Structure formats: structure tokens, C-alpha cells
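Peer 1: This structure is in C-alpha cells; I'll ask about it shortly.
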Amino acid sequence: MLPLPSFSSRLAGIALVLPAPLGFSVGCAFVSEQGIGGANFVTALTIYTPDILFTLLIVGVSTLLIGLFSVLIGGYLTLGENPRWVALLRWVYRWPLFIPFIVTGQILRTFLAKNGWLNGALDMLGIVDIASASNWLDWRGIVFAFVWKQTPFVALLVSGAMASLDRATMESARNLGAGRLRILFEIVVPQVWHTLLTGLILSFVTMMSVPLMINAQSPTLLSANIAFRINAYGDYGVANALGAISLLMTAVFAVVYLRISMREKA
């Protein structure tokens with residue numbers, strides 16, 4: 001049996017992460033025209049299983065790419081030898097931080113459309129013919145949007161953690177002949193992986209909650225289905241069920257993060 005102080009602290013933590021709107025939403029997911037039960041979840045899984053798997057795949061791939069690019073950006077800011085390029089990268093990579101997701105979606109719809117700026121630039125360079133160019137407003141556009149928007153956030157955390165490291169170990173490895181990539185992935189990243197993991201989990205949760213209306217095809221993101229279910233049908237029961245499913249998907253990563261943190265403290 002848990003001691004009273006520990007049990008009380010856990011109850012307080014649960015109370016902080018389970019506000020009334022969340023509890024009400026999850027509770028309403030079990031209420032349908034048939035009464036209390038799992039009818040809304042059956043409907044959600046029957047209709048939207050491809051979208052659930054699509055969302056998990058897209059957000060998972062985006063998270064991996066965000067982690068890779070964040071490490072590379074932070075690594076160059078820490079290990080880069082050209083001060084001008086370092087200063088330029090430090091100034092440029094942060095701009096997407098100040099652009100809301102809704103603006104990001106509209107900008108990228110213009111940028112990634114068949115006759116958009118991207119295909120126009122590729123056509124000017126002679127890489128593609130704009131008359132037969134493909135439309136990027138599919139899963140590639142969603143991944144592009146997520147990675148472009150969230151990489152600066154994670155890179156800011158990672159580069160700050162890298163900047164606080166003792167450079168003596170890195171300089172010693174460099175004197176022994178280690179290249180910058182080897183120093184980055186074998187010495188620097190293991191020391192900042194906890195910060196990297198924190199940023200990736202926060203990005204995963206953010207991407208799961210954004211109804212990014214870029215993909216005009218099916219399947220699409222689960223958050224877009226939730227918005228459509230409410231706006232088109234006024235069906236809050238199935239929408240809440242989809243929300244509960246997305247909550248379970250993010251809870252898996254939250255549990256992994258908490259277990260790793262508790263293991264480190266122990």
C-alpha cells in the first residue's frame with residue numbers, strides 16, 4: 001500500500017492532468033443514442049481506422065525527421081567552424097516559431113500546390129515541367145509542414161543543451177582525429193538525448209492536435225476528422241471517441257517518457 005504522502009502527491013498530479021473538460025469529453029465518448037456503451041468507438045474504428053493508422057504513421061515519420069534535423073542544426077551551431085554560417089543559421093532557423101499553424105497551412109497550400117512556388121522554382125531550374133508536375137498536397141505536404149514548423153522548436157531546446165556542455169571532451173575527440181559527425185552522434189547527442197526526447201514528445205502531442213487542412217485526399221489526419229465530424233454532423237459522441245483514441249496514442253509516449261525519467265532519478 002502506498003504511503004499517504006506519496007499517494008496524495010500522485011492524486012494531485014492526476015488532478016492536474018485531468019481537468020474537467022477532458023473528463024467530460026472522455027465521458028461523453030461513451031454516451032450515444034443507444035445509451036451508455038462503446039457504440040461511438042465502434043463507429044469511429046469502423047469508419048476511421050485507415051485515418052488512425054495514417055495519422056500515427058505521418059506523425060511518427062515527422063517526429064523522426066524533426067529529431068534528425070534538430071540534432072544536425074544544434075550540432076552545426078555547436079561544432080560549426082564558419083562563424084558567418086553559424087550566425088546565419090542561428091538567425092534563420094527560428095522564424096517558423098513565430099508563425100501559427102493555421103498560417104503555416106495556408107502558406108504551404110500555396111507553396112506546395114501543383115502551380116505553386118515550389119514547382120515554379122523547379123520548373124525555372126529545369127528540374128520538372130510544371131505542366132506535368134505532381135501535386136505536393138498529400139502526405140508529403142503534411143510531413144513537410146510538420147517538420148518545417150516543429151524543427152525550430154526542438155532545435156532551440158537541443159542547441160541550448162548542447163551549448164551548455166563542457167567542450168573539453170569534444171576538443172579532445174577532435175584532437176584524436178574524430179570528425180564532426182562522429183563527435184556529434186557519439187559524444188554530444190548521448191548527453192542531450194533527454195532534452196531531445198522531451199522536445200520530440202511535445203512535438204508529437206502538438207502534431208496530433210493540429211487539424212492541418214493540407215491533404216485533400218483520403219486517408220487524412222485524425223484531428224481533421226474530429227473537426228469535420230463536429231462541423232458537418234454535429235456528432236460530438238464520435239468526435240469525442242476519436243479524441244479519446246488520439247489521447248491513448250499520445251499517452252503511450254507520455255508513459256515511456258515518464259518511465260525513462262523515473263529510471264534516471266532512481
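A note on labels: chains of the C-alpha cells are A, B, ... as shown, every chain counts residues from 1, and ligands are counted from 1 in their shown order.
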Please provide as a PyMOL selection string all residues within 9 Å of region 73-83 of chain A, with the sequence filter that same-chain residues fewer than 6 positions apart are discarded (counting only C-alpha atoms).
Peer 2: chain A and resi 89-90+93+152+155-163+170+180-181+183-185+188-189
Peer 1: Mind dumping the selected residues with N, CA and C atoms as a CSV table (one decimal), in the first residue's frame?
Peer 2:
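Dumped to out-v3.csv:
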chain,number,residue,atom,x,y,z
A,89,LEU,N,22.6,30.7,-39.8
A,89,LEU,CA,21.7,29.6,-39.4
A,89,LEU,C,20.9,29.9,-38.1
A,90,ARG,N,21.6,30.5,-37.1
A,90,ARG,CA,21.0,30.8,-35.9
A,90,ARG,C,19.9,31.9,-36.1
A,93,TYR,N,16.8,29.8,-38.7
A,93,TYR,CA,16.0,28.6,-38.4
A,93,TYR,C,14.9,28.9,-37.4
A,152,PRO,N,12.3,24.0,-35.6
A,152,PRO,CA,12.9,25.1,-34.8
A,152,PRO,C,12.7,25.0,-33.3
A,155,ALA,N,15.0,22.2,-32.1
A,155,ALA,CA,16.4,22.6,-32.3
A,155,ALA,C,16.8,23.6,-31.3
A,156,LEU,N,15.8,24.5,-30.9
A,156,LEU,CA,16.1,25.5,-29.9
A,156,LEU,C,16.5,24.9,-28.6
A,157,LEU,N,15.7,23.9,-28.2
A,157,LEU,CA,16.0,23.1,-27.0
A,157,LEU,C,17.3,22.4,-27.0
A,158,VAL,N,17.5,21.7,-28.1
A,158,VAL,CA,18.7,20.9,-28.3
A,158,VAL,C,19.9,21.7,-28.4
A,159,SER,N,19.9,22.8,-29.1
A,159,SER,CA,21.1,23.6,-29.3
A,159,SER,C,21.5,24.3,-27.9
A,160,GLY,N,20.4,24.6,-27.2
A,160,GLY,CA,20.7,25.2,-25.8
A,160,GLY,C,21.4,24.2,-24.9
A,161,ALA,N,20.9,22.9,-25.0
A,161,ALA,CA,21.5,21.9,-24.2
A,161,ALA,C,22.9,21.6,-24.6
A,162,MET,N,23.2,21.6,-26.0
A,162,MET,CA,24.5,21.3,-26.5
A,162,MET,C,25.5,22.5,-26.1
A,163,ALA,N,25.0,23.7,-26.1
A,163,ALA,CA,25.8,24.8,-25.8
A,163,ALA,C,26.3,24.8,-24.3
A,170,MET,N,34.8,17.3,-26.4
A,170,MET,CA,34.7,17.4,-27.8
A,170,MET,C,36.0,17.8,-28.5
A,180,ARG,N,33.4,15.7,-37.2
A,180,ARG,CA,32.3,16.4,-36.5
A,180,ARG,C,31.1,15.5,-36.4
A,181,LEU,N,30.7,14.7,-37.4
A,181,LEU,CA,29.6,13.9,-37.3
A,181,LEU,C,29.7,12.8,-36.2
A,183,ILE,N,31.7,13.1,-33.5
A,183,ILE,CA,31.6,13.8,-32.2
A,183,ILE,C,30.2,14.1,-31.9
A,184,LEU,N,29.4,14.5,-32.9
A,184,LEU,CA,28.0,14.8,-32.7
A,184,LEU,C,27.2,13.7,-32.2
A,185,PHE,N,27.3,12.5,-32.9
A,185,PHE,CA,26.4,11.4,-32.6
A,185,PHE,C,26.9,10.5,-31.5
A,188,VAL,N,28.1,14.1,-28.2
A,188,VAL,CA,27.2,15.2,-27.9
A,188,VAL,C,25.7,14.7,-27.7
A,189,VAL,N,25.2,14.0,-28.6
A,189,VAL,CA,23.8,13.5,-28.6
A,189,VAL,C,23.5,12.7,-27.3
Peer 1: Counting only C-alpha atoms, which residues of region 104-151 of chain A sit at most 8 Å from some atom of region 53-68 of chain A, and what is each one's closest atom pair with its distance in Å to one decimal, listed by chain and rising residue number, as CSV?
Peer 2:
residue,atom,partner,partner_atom,distance
A:Trp139,CA,A:Ile58,CA,7.2
A:Ile142,CA,A:Ile58,CA,7.6
A:Val143,CA,A:Ser62,CA,5.5
A:Phe146,CA,A:Ser62,CA,6.3
A:Val147,CA,A:Ile66,CA,5.4
A:Gln150,CA,A:Ile66,CA,6.8
A:Thr151,CA,A:Ile66,CA,5.0
Peer 1: Could you find all residues in region 32-175 of chain A that DSSP calls alpha helix (DSSP H) from the backbone, and write them as a VMD selection string?
Peer 2: chain A and resid 39 to 79 83 to 92 101 to 112 117 to 124 139 to 163 167 to 175
Peer 1: Can you list, as a PDB file with N, CA, C and O atoms, in the first residue's frame, every protein, DNA or RNA residue that comes within 12 Å of region 249-257 of chain A when you count only C-alpha atoms, leaving out same-chain residues fewer than 2 positions away?
Peer 2:
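As a result, around.pdb now contains:
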ATOM      1  N   VAL A  17      -3.559  16.854 -14.508  1.00  0.00           N
ATOM      2  CA  VAL A  17      -3.591  16.473 -15.924  1.00  0.00           C
ATOM      3  C   VAL A  17      -4.964  16.022 -16.373  1.00  0.00           C
ATOM      4  O   VAL A  17      -5.168  15.702 -17.538  1.00  0.00           O
ATOM      5  N   ILE A  52      -6.693   6.636 -38.593  1.00  0.00           N
ATOM      6  CA  ILE A  52      -5.938   6.486 -37.346  1.00  0.00           C
ATOM      7  C   ILE A  52      -4.534   5.987 -37.645  1.00  0.00           C
ATOM      8  O   ILE A  52      -3.534   6.525 -37.134  1.00  0.00           O
ATOM      9  N   LEU A  53      -4.424   4.962 -38.483  1.00  0.00           N
ATOM     10  CA  LEU A  53      -3.113   4.427 -38.845  1.00  0.00           C
ATOM     11  C   LEU A  53      -2.309   5.447 -39.651  1.00  0.00           C
ATOM     12  O   LEU A  53      -1.098   5.590 -39.461  1.00  0.00           O
ATOM     13  N   THR A  55      -2.558   8.717 -39.445  1.00  0.00           N
ATOM     14  CA  THR A  55      -2.106   9.757 -38.521  1.00  0.00           C
ATOM     15  C   THR A  55      -0.890   9.300 -37.731  1.00  0.00           C
ATOM     16  O   THR A  55       0.089  10.045 -37.583  1.00  0.00           O
ATOM     17  N   LEU A  56      -0.940   8.070 -37.229  1.00  0.00           N
ATOM     18  CA  LEU A  56       0.187   7.547 -36.453  1.00  0.00           C
ATOM     19  C   LEU A  56       1.442   7.463 -37.310  1.00  0.00           C
ATOM     20  O   LEU A  56       2.547   7.811 -36.854  1.00  0.00           O
ATOM     21  N   LEU A  57       1.294   7.043 -38.568  1.00  0.00           N
ATOM     22  CA  LEU A  57       2.450   6.932 -39.457  1.00  0.00           C
ATOM     23  C   LEU A  57       3.025   8.304 -39.789  1.00  0.00           C
ATOM     24  O   LEU A  57       4.244   8.521 -39.711  1.00  0.00           O
ATOM     25  N   VAL A  59       2.647  11.271 -38.248  1.00  0.00           N
ATOM     26  CA  VAL A  59       3.212  11.965 -37.090  1.00  0.00           C
ATOM     27  C   VAL A  59       4.495  11.280 -36.628  1.00  0.00           C
ATOM     28  O   VAL A  59       5.455  11.945 -36.218  1.00  0.00           O
ATOM     29  N   GLY A  60       4.539   9.944 -36.720  1.00  0.00           N
ATOM     30  CA  GLY A  60       5.750   9.228 -36.338  1.00  0.00           C
ATOM     31  C   GLY A  60       6.930   9.557 -37.248  1.00  0.00           C
ATOM     32  O   GLY A  60       8.040   9.831 -36.778  1.00  0.00           O
ATOM     33  N   THR A  63       8.078  13.075 -36.602  1.00  0.00           N
ATOM     34  CA  THR A  63       8.835  13.167 -35.348  1.00  0.00           C
ATOM     35  C   THR A  63      10.273  12.724 -35.544  1.00  0.00           C
ATOM     36  O   THR A  63      11.214  13.365 -35.034  1.00  0.00           O
ATOM     37  N   TRP A 193      20.258  13.696 -24.969  1.00  0.00           N
ATOM     38  CA  TRP A 193      19.144  12.928 -25.519  1.00  0.00           C
ATOM     39  C   TRP A 193      17.867  13.126 -24.706  1.00  0.00           C
ATOM     40  O   TRP A 193      16.758  13.046 -25.245  1.00  0.00           O
ATOM     41  N   HIS A 194      17.999  13.406 -23.407  1.00  0.00           N
ATOM     42  CA  HIS A 194      16.807  13.619 -22.592  1.00  0.00           C
ATOM     43  C   HIS A 194      16.084  14.896 -23.026  1.00  0.00           C
ATOM     44  O   HIS A 194      14.845  14.923 -23.126  1.00  0.00           O
ATOM     45  N   THR A 195      16.834  15.945 -23.296  1.00  0.00           N
ATOM     46  CA  THR A 195      16.232  17.176 -23.819  1.00  0.00           C
ATOM     47  C   THR A 195      15.623  16.937 -25.188  1.00  0.00           C
ATOM     48  O   THR A 195      14.529  17.431 -25.495  1.00  0.00           O
ATOM     49  N   LEU A 196      16.321  16.177 -26.026  1.00  0.00           N
ATOM     50  CA  LEU A 196      15.793  15.841 -27.351  1.00  0.00           C
ATOM     51  C   LEU A 196      14.496  15.055 -27.238  1.00  0.00           C
ATOM     52  O   LEU A 196      13.517  15.337 -27.955  1.00  0.00           O
ATOM     53  N   LEU A 197      14.452  14.089 -26.329  1.00  0.00           N
ATOM     54  CA  LEU A 197      13.242  13.294 -26.146  1.00  0.00           C
ATOM     55  C   LEU A 197      12.081  14.157 -25.669  1.00  0.00           C
ATOM     56  O   LEU A 197      10.938  13.997 -26.127  1.00  0.00           O
ATOM     57  N   THR A 198      12.365  15.085 -24.764  1.00  0.00           N
ATOM     58  CA  THR A 198      11.312  15.995 -24.286  1.00  0.00           C
ATOM     59  C   THR A 198      10.734  16.813 -25.431  1.00  0.00           C
ATOM     60  O   THR A 198       9.512  16.939 -25.579  1.00  0.00           O
ATOM     61  N   GLY A 199      11.599  17.385 -26.255  1.00  0.00           N
ATOM     62  CA  GLY A 199      11.131  18.177 -27.388  1.00  0.00           C
ATOM     63  C   GLY A 199      10.339  17.358 -28.386  1.00  0.00           C
ATOM     64  O   GLY A 199       9.329  17.824 -28.925  1.00  0.00           O
ATOM     65  N   LEU A 200      10.760  16.113 -28.634  1.00  0.00           N
ATOM     66  CA  LEU A 200      10.052  15.273 -29.598  1.00  0.00           C
ATOM     67  C   LEU A 200       8.675  14.864 -29.082  1.00  0.00           C
ATOM     68  O   LEU A 200       7.715  14.803 -29.856  1.00  0.00           O
ATOM     69  N   ILE A 201       8.572  14.595 -27.795  1.00  0.00           N
ATOM     70  CA  ILE A 201       7.266  14.237 -27.237  1.00  0.00           C
ATOM     71  C   ILE A 201       6.313  15.423 -27.298  1.00  0.00           C
ATOM     72  O   ILE A 201       5.136  15.288 -27.658  1.00  0.00           O
ATOM     73  N   LEU A 202       6.808  16.610 -26.961  1.00  0.00           N
ATOM     74  CA  LEU A 202       5.974  17.803 -27.058  1.00  0.00           C
ATOM     75  C   LEU A 202       5.548  18.058 -28.503  1.00  0.00           C
ATOM     76  O   LEU A 202       4.408  18.446 -28.774  1.00  0.00           O
ATOM     77  N   SER A 203       6.452  17.826 -29.451  1.00  0.00           N
ATOM     78  CA  SER A 203       6.109  17.997 -30.857  1.00  0.00           C
ATOM     79  C   SER A 203       5.100  16.951 -31.306  1.00  0.00           C
ATOM     80  O   SER A 203       4.172  17.259 -32.074  1.00  0.00           O
ATOM     81  N   PHE A 204       5.254  15.718 -30.843  1.00  0.00           N
ATOM     82  CA  PHE A 204       4.311  14.654 -31.197  1.00  0.00           C
ATOM     83  C   PHE A 204       2.904  15.011 -30.733  1.00  0.00           C
ATOM     84  O   PHE A 204       1.931  14.893 -31.493  1.00  0.00           O
ATOM     85  N   VAL A 205       2.790  15.477 -29.505  1.00  0.00           N
ATOM     86  CA  VAL A 205       1.478  15.853 -28.972  1.00  0.00           C
ATOM     87  C   VAL A 205       0.902  17.030 -29.752  1.00  0.00           C
ATOM     88  O   VAL A 205      -0.293  17.057 -30.073  1.00  0.00           O
ATOM     89  N   THR A 206       1.746  18.010 -30.081  1.00  0.00           N
ATOM     90  CA  THR A 206       1.278  19.169 -30.841  1.00  0.00           C
ATOM     91  C   THR A 206       0.767  18.754 -32.210  1.00  0.00           C
ATOM     92  O   THR A 206      -0.306  19.194 -32.651  1.00  0.00           O
ATOM     93  N   MET A 207       1.509  17.901 -32.904  1.00  0.00           N
ATOM     94  CA  MET A 207       1.106  17.475 -34.244  1.00  0.00           C
ATOM     95  C   MET A 207      -0.162  16.637 -34.210  1.00  0.00           C
ATOM     96  O   MET A 207      -0.974  16.685 -35.140  1.00  0.00           O
ATOM     97  N   MET A 208      -0.352  15.870 -33.148  1.00  0.00           N
ATOM     98  CA  MET A 208      -1.578  15.082 -33.024  1.00  0.00           C
ATOM     99  C   MET A 208      -2.804  15.959 -32.852  1.00  0.00           C
ATOM    100  O   MET A 208      -3.921  15.551 -33.179  1.00  0.00           O
ATOM    101  N   SER A 209      -2.627  17.176 -32.374  1.00  0.00           N
ATOM    102  CA  SER A 209      -3.769  18.025 -32.040  1.00  0.00           C
ATOM    103  C   SER A 209      -4.063  19.085 -33.087  1.00  0.00           C
ATOM    104  O   SER A 209      -4.988  19.865 -32.923  1.00  0.00           O
ATOM    105  N   LEU A 222      -6.369  12.493 -38.169  1.00  0.00           N
ATOM    106  CA  LEU A 222      -7.459  12.235 -37.235  1.00  0.00           C
ATOM    107  C   LEU A 222      -8.048  13.531 -36.696  1.00  0.00           C
ATOM    108  O   LEU A 222      -9.262  13.634 -36.493  1.00  0.00           O
ATOM    109  N   LEU A 242     -13.019   9.730 -31.125  1.00  0.00           N
ATOM    110  CA  LEU A 242     -11.772   9.926 -31.857  1.00  0.00           C
ATOM    111  C   LEU A 242     -10.751  10.685 -31.018  1.00  0.00           C
ATOM    112  O   LEU A 242      -9.550  10.393 -31.062  1.00  0.00           O
ATOM    113  N   GLY A 243     -11.233  11.666 -30.242  1.00  0.00           N
ATOM    114  CA  GLY A 243     -10.335  12.377 -29.350  1.00  0.00           C
ATOM    115  C   GLY A 243      -9.740  11.472 -28.283  1.00  0.00           C
ATOM    116  O   GLY A 243      -8.555  11.580 -27.948  1.00  0.00           O
ATOM    117  N   ALA A 244     -10.557  10.572 -27.749  1.00  0.00           N
ATOM    118  CA  ALA A 244     -10.054   9.623 -26.748  1.00  0.00           C
ATOM    119  C   ALA A 244      -9.026   8.679 -27.353  1.00  0.00           C
ATOM    120  O   ALA A 244      -8.029   8.323 -26.709  1.00  0.00           O
ATOM    121  N   ILE A 245      -9.241   8.265 -28.599  1.00  0.00           N
ATOM    122  CA  ILE A 245      -8.274   7.395 -29.273  1.00  0.00           C
ATOM    123  C   ILE A 245      -6.946   8.125 -29.473  1.00  0.00           C
ATOM    124  O   ILE A 245      -5.867   7.567 -29.233  1.00  0.00           O
ATOM    125  N   SER A 246      -7.016   9.388 -29.902  1.00  0.00           N
ATOM    126  CA  SER A 246      -5.779  10.165 -30.059  1.00  0.00           C
ATOM    127  C   SER A 246      -5.100  10.387 -28.712  1.00  0.00           C
ATOM    128  O   SER A 246      -3.862  10.418 -28.628  1.00  0.00           O
ATOM    129  N   LEU A 247      -5.888  10.523 -27.656  1.00  0.00           N
ATOM    130  CA  LEU A 247      -5.317  10.670 -26.317  1.00  0.00           C
ATOM    131  C   LEU A 247      -4.563   9.410 -25.906  1.00  0.00           C
ATOM    132  O   LEU A 247      -3.470   9.487 -25.325  1.00  0.00           O
ATOM    133  N   ARG A 259       8.536   6.867 -17.574  1.00  0.00           N
ATOM    134  CA  ARG A 259       9.307   5.712 -17.077  1.00  0.00           C
ATOM    135  C   ARG A 259      10.800   5.971 -17.214  1.00  0.00           C
ATOM    136  O   ARG A 259      11.580   5.626 -16.326  1.00  0.00           O
ATOM    137  N   ILE A 260      11.219   6.564 -18.336  1.00  0.00           N
ATOM    138  CA  ILE A 260      12.638   6.874 -18.507  1.00  0.00           C
ATOM    139  C   ILE A 260      13.092   7.903 -17.482  1.00  0.00           C
ATOM    140  O   ILE A 260      14.160   7.771 -16.874  1.00  0.00           O
ATOM    141  N   SER A 261      12.270   8.926 -17.237  1.00  0.00           N
ATOM    142  CA  SER A 261      12.625   9.953 -16.266  1.00  0.00           C
ATOM    143  C   SER A 261      12.724   9.374 -14.864  1.00  0.00           C
ATOM    144  O   SER A 261      13.654   9.691 -14.110  1.00  0.00           O
ATOM    145  N   MET A 262      11.774   8.517 -14.488  1.00  0.00           N
ATOM    146  CA  MET A 262      11.803   7.909 -13.157  1.00  0.00           C
ATOM    147  C   MET A 262      12.994   6.966 -13.019  1.00  0.00           C
ATOM    148  O   MET A 262      13.605   6.893 -11.946  1.00  0.00           O
ATOM    149  N   ARG A 263      13.346   6.274 -14.089  1.00  0.00           N
ATOM    150  CA  ARG A 263      14.504   5.373 -14.019  1.00  0.00           C
ATOM    151  C   ARG A 263      15.785   6.172 -13.817  1.00  0.00           C
ATOM    152  O   ARG A 263      16.690   5.757 -13.068  1.00  0.00           O
ATOM    153  N   GLU A 264      15.888   7.332 -14.482  1.00  0.00           N
ATOM    154  CA  GLU A 264      17.077   8.156 -14.317  1.00  0.00           C
ATOM    155  C   GLU A 264      17.175   8.704 -12.891  1.00  0.00           C
ATOM    156  O   GLU A 264      18.254   8.737 -12.305  1.00  0.00           O
TER     157      GLU A 264
END
Peer 1: Restricting the calculation to only C-alpha atoms: of A:Pro219, A:Pro96, A:Pro21, A:Pro190, which residue gets closest to Trp148 (chain A)?
Peer 2: A:Pro96
